[in-house]
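Coordinates as given in run_3.txt (compact mmCIF, C-alpha atoms and all ligand atoms):
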# COMPACT_ATOMS: atom_id res chain seq x y z
CA MET U 2 23.65 -22.74 14.32
CA LEU U 3 20.74 -20.38 14.02
CA THR U 4 17.28 -21.74 13.62
CA THR U 5 15.23 -20.42 10.72
CA PRO U 6 12.99 -18.15 12.85
CA THR U 7 16.00 -16.65 14.64
CA ARG U 8 17.68 -15.96 11.32
CA PHE U 9 14.63 -14.03 10.22
CA VAL U 10 14.65 -12.09 13.49
CA ALA U 11 18.29 -11.11 13.00
CA LEU U 12 17.65 -9.91 9.45
CA ARG U 13 14.69 -7.99 10.63
CA ILE U 14 16.49 -6.13 13.38
CA THR U 15 19.45 -5.26 11.16
CA PHE U 16 17.12 -3.97 8.50
CA ARG U 17 15.12 -1.72 10.79
CA SER U 18 17.99 -0.33 12.78
CA SER U 19 19.99 0.58 9.69
CA ASN U 20 17.04 2.54 8.31
CA LYS U 21 17.60 1.07 4.86
CA PHE U 22 14.87 -0.22 2.62
CA PRO U 23 14.96 -3.58 0.89
CA ILE U 24 14.79 -4.18 -2.85
CA SER U 25 12.35 -6.96 -2.16
CA ILE U 26 10.48 -7.93 0.97
CA ALA U 27 10.73 -11.47 2.22
CA PRO U 28 7.82 -12.57 4.38
CA PHE U 29 8.36 -13.83 7.87
CA PRO U 30 7.74 -17.55 8.11
CA LYS U 31 4.34 -18.47 9.41
CA GLY U 32 4.25 -18.60 13.18
CA CYS U 33 7.21 -16.26 13.68
CA PRO U 34 7.75 -15.53 17.37
CA GLN U 35 5.84 -12.68 18.96
CA LYS U 36 9.10 -10.97 19.93
CA THR U 37 9.83 -10.22 16.27
CA VAL U 38 6.77 -8.01 16.18
CA ILE U 39 8.20 -4.62 16.98
CA ARG U 40 4.90 -2.85 16.51
CA ALA U 41 1.34 -4.06 16.65
CA SER U 42 0.59 -7.44 15.13
CA ALA U 43 -2.71 -8.66 13.87
CA ASN U 44 -4.19 -11.76 12.39
CA LEU U 45 -6.06 -11.06 9.17
CA GLN U 46 -8.68 -13.55 10.20
CA THR U 47 -9.45 -11.62 13.38
CA MET U 48 -10.35 -8.37 11.63
CA SER U 49 -9.23 -5.16 13.32
CA THR U 50 -6.44 -4.91 15.83
CA PRO U 51 -7.60 -4.09 19.36
CA ALA U 52 -7.09 -0.44 20.24
CA ALA U 53 -4.64 -1.47 22.96
CA ALA U 54 -2.32 -2.90 20.31
CA VAL U 55 -1.77 0.48 18.65
CA THR U 56 1.66 1.80 19.59
CA ASP U 57 1.96 5.12 21.43
CA ALA U 58 4.47 6.71 19.05
CA GLY U 59 2.07 8.72 16.92
CA ARG U 60 -1.13 7.97 18.73
CA GLY U 61 -3.07 11.04 19.66
CA SER U 62 -0.85 13.38 17.67
CA ILE U 63 -1.87 12.85 14.05
CA THR U 64 -2.37 16.08 12.09
CA HIS U 65 -2.07 14.92 8.46
CA VAL U 66 -3.14 11.77 6.61
CA ILE U 67 -1.61 10.23 3.46
CA PHE U 68 -3.50 7.61 1.47
CA ASP U 69 -2.23 4.94 -0.84
CA MET U 70 -4.60 4.46 -3.79
CA ASP U 71 -4.63 1.06 -5.51
CA GLY U 72 -6.16 -1.61 -3.31
CA LEU U 73 -6.74 0.92 -0.53
CA LEU U 74 -9.09 3.60 -1.91
CA LEU U 75 -9.80 1.93 -5.26
CA ASP U 76 -10.52 -1.72 -5.93
CA THR U 77 -7.94 -1.88 -8.71
CA GLU U 78 -5.54 -4.57 -7.50
CA LYS U 79 -7.97 -7.17 -8.83
CA PHE U 80 -7.36 -5.88 -12.36
CA TYR U 81 -3.60 -6.42 -12.10
CA THR U 82 -4.21 -9.89 -10.67
CA GLU U 83 -6.65 -10.85 -13.46
CA VAL U 84 -4.36 -9.71 -16.25
CA GLN U 85 -1.24 -11.29 -14.75
CA GLU U 86 -3.04 -14.59 -14.24
CA LYS U 87 -3.96 -14.56 -17.92
CA ILE U 88 -0.42 -13.85 -19.07
CA LEU U 89 1.14 -16.55 -16.89
CA ALA U 90 -1.48 -19.08 -17.97
CA ARG U 91 0.00 -18.87 -21.47
CA TYR U 92 3.21 -20.24 -20.01
CA ASN U 93 1.33 -22.93 -18.03
CA LYS U 94 2.13 -21.12 -14.80
CA THR U 95 -0.08 -19.80 -12.03
CA PHE U 96 0.11 -16.36 -10.47
CA ASP U 97 0.19 -16.78 -6.72
CA TRP U 98 -0.14 -14.40 -3.80
CA SER U 99 3.49 -14.62 -2.77
CA LEU U 100 4.46 -12.98 -6.07
CA LYS U 101 1.46 -10.66 -5.92
CA ALA U 102 2.58 -9.50 -2.46
CA LYS U 103 5.98 -8.51 -3.81
CA MET U 104 4.62 -6.68 -6.86
CA MET U 105 1.80 -4.63 -5.39
CA GLY U 106 2.46 -1.01 -4.59
CA ARG U 107 5.54 -0.77 -6.77
CA LYS U 108 6.21 1.31 -9.86
CA ALA U 109 5.18 -0.48 -13.05
CA ILE U 110 8.68 -1.31 -14.32
CA GLU U 111 9.82 -2.54 -10.89
CA ALA U 112 6.76 -4.79 -10.59
CA ALA U 113 7.26 -6.01 -14.15
CA ARG U 114 10.85 -7.07 -13.49
CA LEU U 115 9.73 -9.00 -10.43
CA PHE U 116 6.98 -10.64 -12.47
CA VAL U 117 9.12 -11.98 -15.33
CA ASP U 118 12.09 -12.89 -13.12
CA GLU U 119 10.27 -14.62 -10.28
CA SER U 120 7.84 -16.48 -12.50
CA GLY U 121 10.75 -17.76 -14.59
CA ILE U 122 9.59 -16.42 -17.96
CA SER U 123 12.19 -13.70 -18.48
CA ASP U 124 13.79 -15.66 -21.35
CA SER U 125 10.48 -15.51 -23.23
CA LEU U 126 9.07 -12.17 -22.10
CA SER U 127 11.01 -9.09 -21.00
CA ALA U 128 9.69 -6.71 -18.36
CA GLU U 129 9.13 -4.09 -21.05
CA GLU U 130 7.21 -6.55 -23.26
CA PHE U 131 5.11 -7.59 -20.27
CA ILE U 132 4.10 -3.97 -19.62
CA VAL U 133 3.09 -3.49 -23.25
CA GLU U 134 1.12 -6.73 -23.27
CA ARG U 135 -0.88 -6.05 -20.12
CA GLU U 136 -1.49 -2.42 -21.04
CA SER U 137 -4.29 -3.01 -23.55
CA MET U 138 -6.19 -5.14 -21.04
CA LEU U 139 -5.67 -2.70 -18.16
CA GLN U 140 -6.76 0.30 -20.21
CA ASP U 141 -10.20 -1.24 -20.61
CA LEU U 142 -10.48 -2.24 -16.95
CA PHE U 143 -9.23 0.86 -15.13
CA PRO U 144 -12.12 3.18 -16.08
CA THR U 145 -14.50 0.75 -14.32
CA SER U 146 -12.68 1.11 -10.96
CA ASP U 147 -14.86 1.03 -7.88
CA LEU U 148 -14.16 2.56 -4.49
CA MET U 149 -13.13 0.28 -1.62
CA PRO U 150 -15.63 0.01 1.24
CA GLY U 151 -15.41 2.98 3.58
CA ALA U 152 -13.16 5.07 1.31
CA SER U 153 -15.71 7.76 0.52
CA ARG U 154 -16.91 7.95 4.13
CA LEU U 155 -13.38 8.36 5.51
CA LEU U 156 -12.18 10.91 2.94
CA ARG U 157 -15.30 13.04 3.33
CA HIS U 158 -15.07 12.85 7.11
CA LEU U 159 -11.43 13.94 7.34
CA HIS U 160 -11.83 16.65 4.72
CA GLY U 161 -14.98 17.92 6.43
CA LYS U 162 -13.11 18.18 9.73
CA GLY U 163 -10.28 20.14 8.13
CA ILE U 164 -7.66 17.40 8.33
CA PRO U 165 -5.24 17.77 5.40
CA ILE U 166 -5.27 14.65 3.23
CA CYS U 167 -3.35 13.58 0.14
CA ILE U 168 -2.39 10.56 -1.97
CA ALA U 169 0.99 8.92 -2.50
CA THR U 170 0.60 6.24 -5.16
CA GLY U 171 2.99 4.16 -7.24
CA THR U 172 0.66 4.59 -10.19
CA HIS U 173 1.81 6.87 -13.01
CA THR U 174 -0.26 9.80 -14.24
CA ARG U 175 -1.97 8.18 -17.23
CA HIS U 176 -3.21 5.24 -15.18
CA PHE U 177 -4.18 7.54 -12.32
CA ASP U 178 -6.43 9.49 -14.67
CA LEU U 179 -8.09 6.32 -15.99
CA LYS U 180 -8.64 4.83 -12.54
CA THR U 181 -10.11 7.98 -11.01
CA GLN U 182 -12.27 9.18 -13.90
CA ARG U 183 -15.49 8.00 -12.21
CA HIS U 184 -14.44 9.52 -8.85
CA ARG U 185 -13.18 12.99 -9.72
CA GLU U 186 -15.28 14.82 -7.15
CA LEU U 187 -14.08 12.61 -4.30
CA PHE U 188 -10.44 12.80 -5.33
CA SER U 189 -10.70 16.59 -5.58
CA LEU U 190 -10.82 16.59 -1.77
CA MET U 191 -7.11 15.72 -1.75
CA HIS U 192 -4.75 18.60 -1.02
CA HIS U 193 -2.35 17.05 -3.54
CA VAL U 194 -1.45 13.79 -5.25
CA VAL U 195 2.05 12.31 -5.61
CA ARG U 196 2.22 9.74 -8.43
CA GLY U 197 4.82 7.16 -9.34
CA ASP U 198 6.17 9.23 -12.24
CA ASP U 199 6.67 12.32 -10.07
CA PRO U 200 10.23 13.68 -10.51
CA GLU U 201 10.73 13.61 -6.73
CA VAL U 202 9.93 9.90 -6.57
CA LYS U 203 13.31 8.54 -7.61
CA GLN U 204 12.56 5.09 -6.23
CA GLY U 205 9.21 3.41 -5.75
CA LYS U 206 7.91 1.79 -2.58
CA PRO U 207 9.41 0.44 -0.31
CA ALA U 208 11.64 3.50 -0.69
CA PRO U 209 10.16 6.41 1.28
CA ASP U 210 10.36 8.91 -1.62
CA GLY U 211 6.63 9.15 -2.34
CA PHE U 212 5.59 9.61 1.26
CA LEU U 213 8.33 12.14 1.96
CA ALA U 214 7.37 14.15 -1.14
CA ALA U 215 3.74 14.00 -0.05
CA SER U 216 4.67 15.26 3.41
CA ARG U 217 6.62 18.19 1.97
CA ARG U 218 3.71 19.37 -0.18
CA PHE U 219 1.22 20.04 2.57
CA GLU U 220 0.70 23.77 3.11
CA ASP U 221 2.63 23.64 6.37
CA GLY U 222 4.99 20.93 5.18
CA PRO U 223 7.22 19.13 5.58
CA VAL U 224 5.13 17.61 8.34
CA TYR U 225 6.93 15.91 11.21
CA PRO U 226 6.68 12.18 10.30
CA GLN U 227 5.25 11.14 13.65
CA LYS U 228 2.29 13.45 13.02
CA VAL U 229 1.49 11.71 9.75
CA LEU U 230 -0.78 8.68 9.46
CA VAL U 231 -0.49 6.59 6.29
CA PHE U 232 -3.09 4.11 5.02
CA GLU U 233 -1.69 1.29 2.88
CA ASP U 234 -2.66 -2.13 1.55
CA ALA U 235 0.67 -3.38 0.21
CA PRO U 236 3.68 -4.76 2.11
CA SER U 237 6.02 -2.53 0.08
CA GLY U 238 3.87 0.50 0.88
CA VAL U 239 3.73 -0.23 4.59
CA GLN U 240 7.50 -0.54 4.61
CA ALA U 241 7.84 2.71 2.65
CA ALA U 242 5.79 4.55 5.26
CA LYS U 243 7.92 3.13 8.07
CA ASN U 244 11.06 4.06 6.12
CA ALA U 245 9.68 7.60 6.07
CA GLY U 246 9.29 7.43 9.86
CA MET U 247 5.50 7.67 9.68
CA ASN U 248 2.65 5.83 11.39
CA VAL U 249 0.90 3.32 9.17
CA ILE U 250 -2.37 1.44 9.17
CA MET U 251 -2.50 -1.57 6.85
CA VAL U 252 -5.76 -2.65 5.23
CA PRO U 253 -4.60 -5.80 3.44
CA ASP U 254 -6.40 -8.09 1.05
CA PRO U 255 -7.48 -11.09 3.16
CA ARG U 256 -5.58 -13.41 0.79
CA LEU U 257 -2.27 -11.81 1.73
CA ASP U 258 -0.24 -13.96 4.10
CA LYS U 259 -0.62 -12.69 7.64
CA SER U 260 3.17 -12.68 8.04
CA TYR U 261 3.22 -9.47 6.00
CA CYS U 262 1.20 -7.65 8.63
CA ASN U 263 3.82 -7.39 11.34
CA VAL U 264 5.31 -4.08 10.23
CA ALA U 265 2.20 -1.90 10.40
CA ASP U 266 1.15 -0.05 13.54
CA GLN U 267 -2.40 -1.26 13.11
CA VAL U 268 -4.10 -3.72 10.76
CA LEU U 269 -7.73 -3.31 9.76
CA ALA U 270 -9.97 -5.56 7.69
CA SER U 271 -11.67 -2.52 6.16
CA LEU U 272 -11.51 1.27 6.19
CA LEU U 273 -14.95 1.02 7.80
CA ASP U 274 -13.23 -0.29 10.94
CA PHE U 275 -11.02 2.78 11.39
CA LYS U 276 -11.56 4.67 14.64
CA PRO U 277 -10.13 8.19 14.16
CA GLU U 278 -10.24 8.99 17.86
CA GLU U 279 -7.61 6.29 18.53
CA TRP U 280 -5.19 8.52 16.63
CA GLY U 281 -6.30 11.88 18.01
CA LEU U 282 -8.48 12.62 14.98
CA PRO U 283 -12.15 13.69 15.13
CA SER U 284 -14.44 10.70 15.53
CA PHE U 285 -17.20 9.78 13.10
CA GLN U 286 -20.63 11.10 13.95
CA ASP U 287 -22.29 8.22 12.13
CA SER U 288 -22.02 4.48 12.47
CA HIS U 289 -21.49 2.26 9.46
CA ASN U 290 -23.32 -0.61 11.17
O1 LIG M 301 -0.95 0.93 -4.42
P1 LIG M 301 -0.51 2.14 -5.18
O2 LIG M 301 -1.57 3.20 -5.23
O3 LIG M 301 0.82 2.67 -4.71
O4 LIG M 301 -0.31 1.69 -6.72
C1 LIG M 301 0.70 0.82 -7.09
C2 LIG M 301 0.44 0.10 -8.39
O5 LIG M 301 -0.08 0.94 -9.35
C3 LIG M 301 -0.46 -1.09 -8.22
O6 LIG M 301 0.10 -2.06 -7.39
MG MG M 302 -1.87 0.00 -2.79
Could you quickly redo this structure as structure tokens?
Amino acid sequence: MLTTPTRFVALRITFRSSNKFPISIAPFPKGCPQKTVIRASANLQTMSTPAAAVTDAGRGSITHVIFDMDGLLLDTEKFYTEVQEKILARYNKTFDWSLKAKMMGRKAIEAARLFVDESGISDSLSAEEFIVERESMLQDLFPTSDLMPGASRLLRHLHGKGIPICIATGTHTRHFDLKTQRHRELFSLMHHVVRGDDPEVKQGKPAPDGFLAASRRFEDGPVYPQKVLVFEDAPSGVQAAKNAGMNVIMVPDPRLDKSYCNVADQVLASLLDFKPEEWGLPSFQDSHN
């Protein structure tokens, strides 16, 4: 009989080798064996992964960079959390980070279905009703969005060095416009933006659609996946980048269970910790310290 950790290992290997993406991502149990970590692992408490832990696959050969937006460039995940906590409180339930981890990064309707189903309120509130209800609250919050630490420095650096950059976000166009309205100049540095309601994004993250569309739209695209570096904060987004065959750096919220960090090639506590030269990109001239 298989032990629980071994069962997780078997699922993991089947999943990766078949190149399929899951509908939902189950976390590894805490303390999963080191051998299940196919790429670099990192403990969120220990900040950035040592350079030696970065795999060789795309290292030194990155030519293009794709950014996630919510929770990575913009501090917007807190708005979703706040609103969802309020809604669940009405049903005497709490919104926890295991549900948050599954929802983040996904298209709105996909996240909404997870929310009502997994919190057990689907008999009282449909996914569609949930979206309508949270919308009025989010509309007021999104225009106040702040940048995440290091986002401006990194985007300006890569753009200034001529590295093509773009965004692949699960957010639809109307929310994108609200969230970025205070940051138009910075976001204008992007070569292009692929949003969740883009016709080429048939399925949201963890499907690779958004990242593959983003790769195709570079001037010299489609770019060979191993030459692309993706920055993500969400488990579904990290998996989407891997499903697209790309390199991925995860910058997770520290409250996210560390078991979600095993898929990324590198895990950083902040964009400020990124060292471009580890990936063959021009190094920063400044120091953030
Ligand atoms: O993290 P993003 O940018 O793909 O956005 C996804 C949702 O809008 C928020 O989780
Ligand atoms: Mg995100």
Environment of ligand LIG 301 (chain M) within 9 Å, counting only C-alpha atoms and all ligand atoms, reported as a PyMOL selection string: chain U and resi 68-75+77-78+81+101+104-109+112+168-173+176-177+196-197+205-206+233-235+237-238
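In this comparison, which uses only C-alpha atoms, the residue of U:Cys262, U:Met191, U:Ala208, U:Ile110 approaching Ala128 of chain U most closely is U:Ile110.
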Give me the residues within 10 Å of Ser284 of chain U as a list in words, counting only C-alpha atoms and dropping any in the same chain fewer than 3 places off.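 Non-adjacent residues within range: His158, Leu159, Lys162, Phe275, Lys276, Pro277, Glu278, Glu279, Trp280, Gly281 and Asp287 of chain U.
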Against segment 82-88 of chain U, which residues of segment 108-134 of chain U fall within 10 Å? For each one I want the closest pair of atoms and the distance in Å (one decimal), counting all atoms listed in the file, rows by chain and increasing residue number, as a tab-separated table.
residue	atom	partner	partner_atom	distance
U:Phe116	CA	U:Gln85	CA	8.6
U:Phe131	CA	U:Ile88	CA	8.4
U:Glu134	CA	U:Ile88	CA	8.4
Every residue with an atom at most 9 Å from (-16.1, 6.2, -7.4) (file coordinates; only C-alpha atoms) is what I'm after, so could you write them as a PyMOL selection string? chain U and resi 75+145-149+153+181-188
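Atom CA of Ile63 of chain U is positioned 12.7 Å from atom CA of Ser216 of chain U.
Note that atom CA of Phe80 of chain U and atom CA of Met138 of chain U are 8.8 Å apart.
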Box in all listed atoms of segment 98-101 of chain U, axis-aligned, with 3 Å more on each side; write out centre and edge lengths in Å to one decimal as AutoDock Vina command-line options.
--center_x 2.2 --center_y -12.6 --center_z -4.4 --size_x 10.6 --size_y 10.0 --size_z 9.3
Just give me the gap between atom CA of Ser288 of chain U and atom CA of Ala242 of chain U in Å, one decimal is fine.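 Between atom CA of Ser288 of chain U and atom CA of Ala242 of chain U the gap works out to 28.7 Å.
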From U:Val268, U:Leu273, U:Ala215, U:Leu89, residue lying nearest Met247 of chain U [only C-alpha atoms]: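 Smallest distance to Met247 of chain U is found for U:Ala215.
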Taking only C-alpha atoms and all ligand atoms into account, name the residue in U:Phe232, U:Ser127, U:Gln227, U:Ile122 that is nearest to ligand MG 302 (chain M). U:Phe232
Restricting the calculation to only C-alpha atoms and all ligand atoms: of U:Ile166, U:Leu139, U:Val239, U:Leu179, which residue gets closest to ligand MG 302 (chain M)? U:Val239
Which residue of U:Asn248, U:His160, U:Asp199, U:Glu111 approaches Pro283 of chain U most closely, using only C-alpha atoms: U:His160
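With distances restricted to all atoms listed in the file, U:Phe143 is the closest residue to Asp178 of chain U from U:Tyr225, U:Phe143, U:Tyr261, U:Phe285.
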Select, counting all atoms listed in the file, all protein, DNA and RNA residues no farther than 7 Å from (12.5, -8.0, -17.1) in file coordinates, and express the selection as a compact mmCIF listing (two decimals) with C-alpha atoms, in the frame of the given file.
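The file below, point_4.txt, is the result:
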# COMPACT_ATOMS: atom_id res chain seq x y z
CA ALA U 113 7.26 -6.01 -14.15
CA ARG U 114 10.85 -7.07 -13.49
CA VAL U 117 9.12 -11.98 -15.33
CA ASP U 118 12.09 -12.89 -13.12
CA SER U 123 12.19 -13.70 -18.48
CA SER U 127 11.01 -9.09 -21.00
CA ALA U 128 9.69 -6.71 -18.36
CA GLU U 129 9.13 -4.09 -21.05
